[in-house]
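First the structure, in the form of structure tokens, and then the observations on it.
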Amino acid sequence: MAAPRKNGKQTVFFQSPPVIIAAASIVGAMEGDGPLGSYFDRVVYDTYYSEKTWEKAEQRMMLEAMRKALEKANLQEKDIDIMLAGDLLNQIITSSFTARALAVPFLGLYGACSTMCESMALGAMLIDGGFADRVLVGASSHYCTAERQYRFPIELGNQRPMTAQWTVTGAGAAVLAREGNGPVITHATIGKVVDFGQGDSQNMGAAMAPAAADTITCHLKDTARLPDYYDLIITGDLGAFGKRLAEQLVTQSGYDITERFSDCGILIYNAAQDVHAGGSGCGCSAVVICSYLINQLKAGKYKRLLVTGTGALLSPCSAQQGETVRGIGHAVVMEMR
Amino acid sequence: MPDNSLPVIKQKEQYAKMVKQSMPKARVGRNIFWAFVVGGLICLLGQFILNFYQALGLGASEAGAATSATLVFLAAFLTGLGVYDEVSRFGGAGGIVPITGFANSMVAPAMEYRAEGLVFGVGARLFAVAGPVLVWGTVTAWAAGVLYFIFR
Amino acid sequence: MQFFWAFVIGGVICVIGQLLIDLTSYKFTPAHVLVTFVSAGVVISALGLYQPLVNLAGAGATVPLTGFGHLLAQGAINGVKQHGLLGAFSGGISAAAAGITAAVVFGYLAALTFRPRG
């Protein structure tokens, strides 16, 4: 027997769509100065956030985002059945330290920059499947921790190409529940790892665009919907060049999304901030979803969103060994009812 | 998506073509100009320092060594203040190629890994970039010496 | 005049580095650039072509990392002249010792003194 809640190849739908009852976001200085600055719950101007190391600063950001989301939902740690979170650091230390502080059952995720959407998709499945009533989801990244793990020390003089992206400093968290007020998650499309042979870690948009396009077209096919069903189709962090590539790829598959297509990595910074192609990192889609997008849904500006978190599965080890950068994209449908 | 009836290798080729077309034009002219100016100015500063030491009465090689040490000190200091990375971000190779860039490549990882301790942090990371430079320089210079020994 | 040539030659050597970065679409990292320049300096110097450049441009030729390679190569060759084959082992590093020690010591002290800004 086919799975009863599966639509087509990769998409699941929820019989009683889980509700995003609260969301919170904390960002760094550059994100706070960006066009979405006023939507975030808190802007932290010190890269260390008064901690000893950048890693600790990122942990503090994620913990505070989680606590803020709980506070907005009028819940306490004990009300949470499962926490799903991930980040970019080795062994996802930010998430596990946060889970230690919250002392809730924890499943760690790694989907690179697609982690926020991955956690929302899985959280919704756990709730609709009847395994949890309330799930805490979240993701974070920090420019300084990511840069020193994946690329170069911060103070090393270096020039970045125009295709390079800027890792967002920030953490986003949301509470999903069986019942409550807020936008609901109606579908999720789990992406495949797609590799079109791009090996340039300074052009991650190009590495992720095929995965994003694959997930978006697969979602539209699985649900037999046309792009105009959605008010906005938004990807996580393709950046300016990756977004253009994804648009072309989706067009080649016979769907025209150009009018309603956007990218969190482009929205989060303005042109004067010299970030080149745009934002990236787990925190990028996490903070944009947990502030601006959910806000716009609640305000009635958008009714239906297709949000595709995009991840570049990049490892310094495999990159140095000459392997390509693999991409992945997970989509969730958010609706205001 | 590229026609998925095609073999994967063809799809990848098609996509590589798309990526190439989408790539922004590198700002080569602008980059070269600033590399020239910044690199030239650092060398000019070196010349002033060199002349200063020679005026103090140091011999040619002593003055050269003192100049290197002074430039290295300045670069280490500016890296500590978080200024030198802006120099190279702006000047590209103009900031990387001079010996000041070499000093920057030692100080930057060392101070950043201070939190990982004095042995595996500062001690090891000081050579993260400088290590390869010393290895290559030492081996090629040794080879030059050996070849000279054989063929002189 | 020496100041002029220091500026121009130093600038041109850096432009070569910039071309390596731009023409490889940034596959050349700072580490690659530094390694290439040191090695190239050694080779050019061993062929006897670097000393004329130093005579012309002074610091314009010694400050770029090719100058560091020049120092290593001349050290190794002079070492061989004075001490035979053993000089190939001792000459290079001794000639460059001041620069290396300065970089290690100041690097270490800077790492202890400063905290990266981020």
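How things are named: the first chain in the structure tokens is A, the next is B, and so on; residues count from 1 in each chain; ligands count from 1 in the order shown.
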
Can you tell me, as JSON, numbers by chain, what residues are no more than 12 Å from range 76-83 of chain C when counting only C-alpha atoms, ignoring any on the same chain fewer than 6 positions away? {"B": [137, 138, 139, 140, 141, 142, 143, 144, 145, 146, 147, 148, 149, 150, 151, 152], "C": [42, 43, 45, 46, 47, 48, 69, 70, 89, 90, 91, 92, 93, 94, 95, 96]}

At a cut-off of 9 Å, list the chain A residues touching chain C, using only C-alpha atoms, as a PyMOL selection string. chain A and resi 47-48+54+143-144+154-161+200+202

For the residues in the current selection, export C-alpha atoms as a short mmCIF file (atom, residue, chain, number, x, y, z; two decimals), in the first residue's frame.
```cif
data_model
loop_
_atom_site.label_atom_id
_atom_site.label_comp_id
_atom_site.auth_asym_id
_atom_site.auth_seq_id
_atom_site.Cartn_x
_atom_site.Cartn_y
_atom_site.Cartn_z
CA THR A 47 30.30 39.77 17.02
CA TYR A 48 31.23 38.04 20.29
CA TRP A 54 32.44 33.36 18.30
CA TYR A 143 29.88 34.78 9.75
CA CYS A 144 33.02 34.41 11.85
CA ILE A 154 38.79 36.47 9.35
CA GLU A 155 41.82 38.75 9.55
CA LEU A 156 43.61 37.11 6.62
CA GLY A 157 43.81 39.58 3.78
CA ASN A 158 41.92 38.11 0.88
CA GLN A 159 39.77 39.17 -2.02
CA ARG A 160 36.41 37.53 -2.66
CA PRO A 161 34.98 37.03 -6.15
CA ASP A 200 33.75 26.22 -6.82
CA GLN A 202 33.16 30.62 -3.95
#
```

Among chain B, which ones does DSSP assign to helix (DSSP H, G or I) (computed from the backbone)? Answer as number ranges by chain. B: 8-22, 28-55, 60-80, 84-91, 93-96, 99-116, 118-125, 130-151

Find the residues in chain B near chain A: any atom within 7 Å counts, using only C-alpha atoms. Write them as JSON, numbers by chain. {"B": [1, 2, 12, 15, 19, 22, 24, 79, 82, 84, 85, 86, 87, 88, 89, 92, 96, 104, 105, 108, 109, 112]}

Residues of chain B within 7 Å of chain C: nearest atom pair and distance (Å, one decimal) for each, counting only C-alpha atoms, sorted by chain and number, as a Markdown table?
```
| residue | atom | partner | partner_atom | distance |
| --- | --- | --- | --- | --- |
| B:Val28 | CA | C:Asp22 | CA | 6.4 |
| B:Ile32 | CA | C:Val15 | CA | 5.6 |
| B:Ala35 | CA | C:Val15 | CA | 5.6 |
| B:Phe36 | CA | C:Gly11 | CA | 4.0 |
| B:Val37 | CA | C:Gly11 | CA | 6.2 |
| B:Gly39 | CA | C:Gly11 | CA | 4.8 |
| B:Gly40 | CA | C:Gly11 | CA | 3.9 |
| B:Leu41 | CA | C:Phe7 | CA | 6.1 |
| B:Cys43 | CA | C:Gly60 | CA | 4.9 |
| B:Leu44 | CA | C:Phe7 | CA | 5.1 |
| B:Gly46 | CA | C:Ala59 | CA | 5.6 |
| B:Gln47 | CA | C:Ala59 | CA | 4.9 |
| B:Ala65 | CA | C:Ala98 | CA | 5.8 |
| B:Ser68 | CA | C:Gly99 | CA | 5.7 |
| B:Ala69 | CA | C:Ala102 | CA | 5.3 |
| B:Val72 | CA | C:Ala103 | CA | 6.0 |
| B:Phe73 | CA | C:Phe106 | CA | 6.0 |
| B:Ala76 | CA | C:Gly107 | CA | 6.1 |
| B:Phe77 | CA | C:Ala110 | CA | 6.7 |
| B:Gly80 | CA | C:Phe114 | CA | 5.2 |
| B:Gly82 | CA | C:Arg117 | CA | 6.1 |
| B:Gly92 | CA | C:Gln18 | CA | 6.5 |
| B:Ala93 | CA | C:Gln18 | CA | 4.9 |
| B:Gly94 | CA | C:Cys14 | CA | 5.0 |
| B:Ile96 | CA | C:Pro30 | CA | 6.4 |
| B:Val97 | CA | C:Pro64 | CA | 5.4 |
| B:Pro98 | CA | C:Pro64 | CA | 3.8 |
| B:Ile99 | CA | C:Leu65 | CA | 5.5 |
| B:Ala103 | CA | C:Ala103 | CA | 5.7 |
| B:Met106 | CA | C:Gly107 | CA | 6.0 |
| B:Val107 | CA | C:Gly107 | CA | 4.6 |
| B:Ala110 | CA | C:Ala111 | CA | 5.5 |
| B:Met111 | CA | C:Ala111 | CA | 3.8 |
| B:Glu112 | CA | C:Pro116 | CA | 6.1 |
| B:Arg114 | CA | C:Ala111 | CA | 6.6 |
| B:Val122 | CA | C:Ala111 | CA | 6.8 |
| B:Val129 | CA | C:Ala31 | CA | 5.6 |
| B:Pro132 | CA | C:Val35 | CA | 6.6 |
| B:Val133 | CA | C:Val35 | CA | 4.7 |
| B:Trp136 | CA | C:Ser39 | CA | 6.2 |
| B:Gly137 | CA | C:Ser39 | CA | 5.5 |
| B:Thr138 | CA | C:Gly92 | CA | 6.8 |
| B:Thr140 | CA | C:Ser39 | CA | 6.3 |
| B:Ala141 | CA | C:Ala73 | CA | 4.6 |
| B:Trp142 | CA | C:Ala88 | CA | 5.2 |
| B:Ala144 | CA | C:Ala46 | CA | 6.2 |
| B:Gly145 | CA | C:Ala88 | CA | 4.6 |
| B:Val146 | CA | C:Ala88 | CA | 6.0 |
| B:Tyr148 | CA | C:Ile77 | CA | 6.5 |
| B:Phe149 | CA | C:Val80 | CA | 6.2 |
```

Please run DSSP on the backbone and report, as a PyMOL selection string, all residues within range 1-166 of chain A that come out as strand (DSSP E). chain A and resi 6-7+11-13+19-28+42-44+82-87+106-109+134-141+166

One decimal place gives the CA of Glu179 in chain A-CA of Ala299 in chain A separation as 19.7 Å

One number please: CA of Gly281 in chain A to CA of Glu55 in chain A, in Å, one decimal. 14.7 Å

Could you please determine the separation between CA of Lys78 in chain A and CA of Leu176 in chain A in Å, to one decimal place?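 For CA of Lys78 in chain A relative to CA of Leu176 in chain A, the distance reads 14.6 Å.
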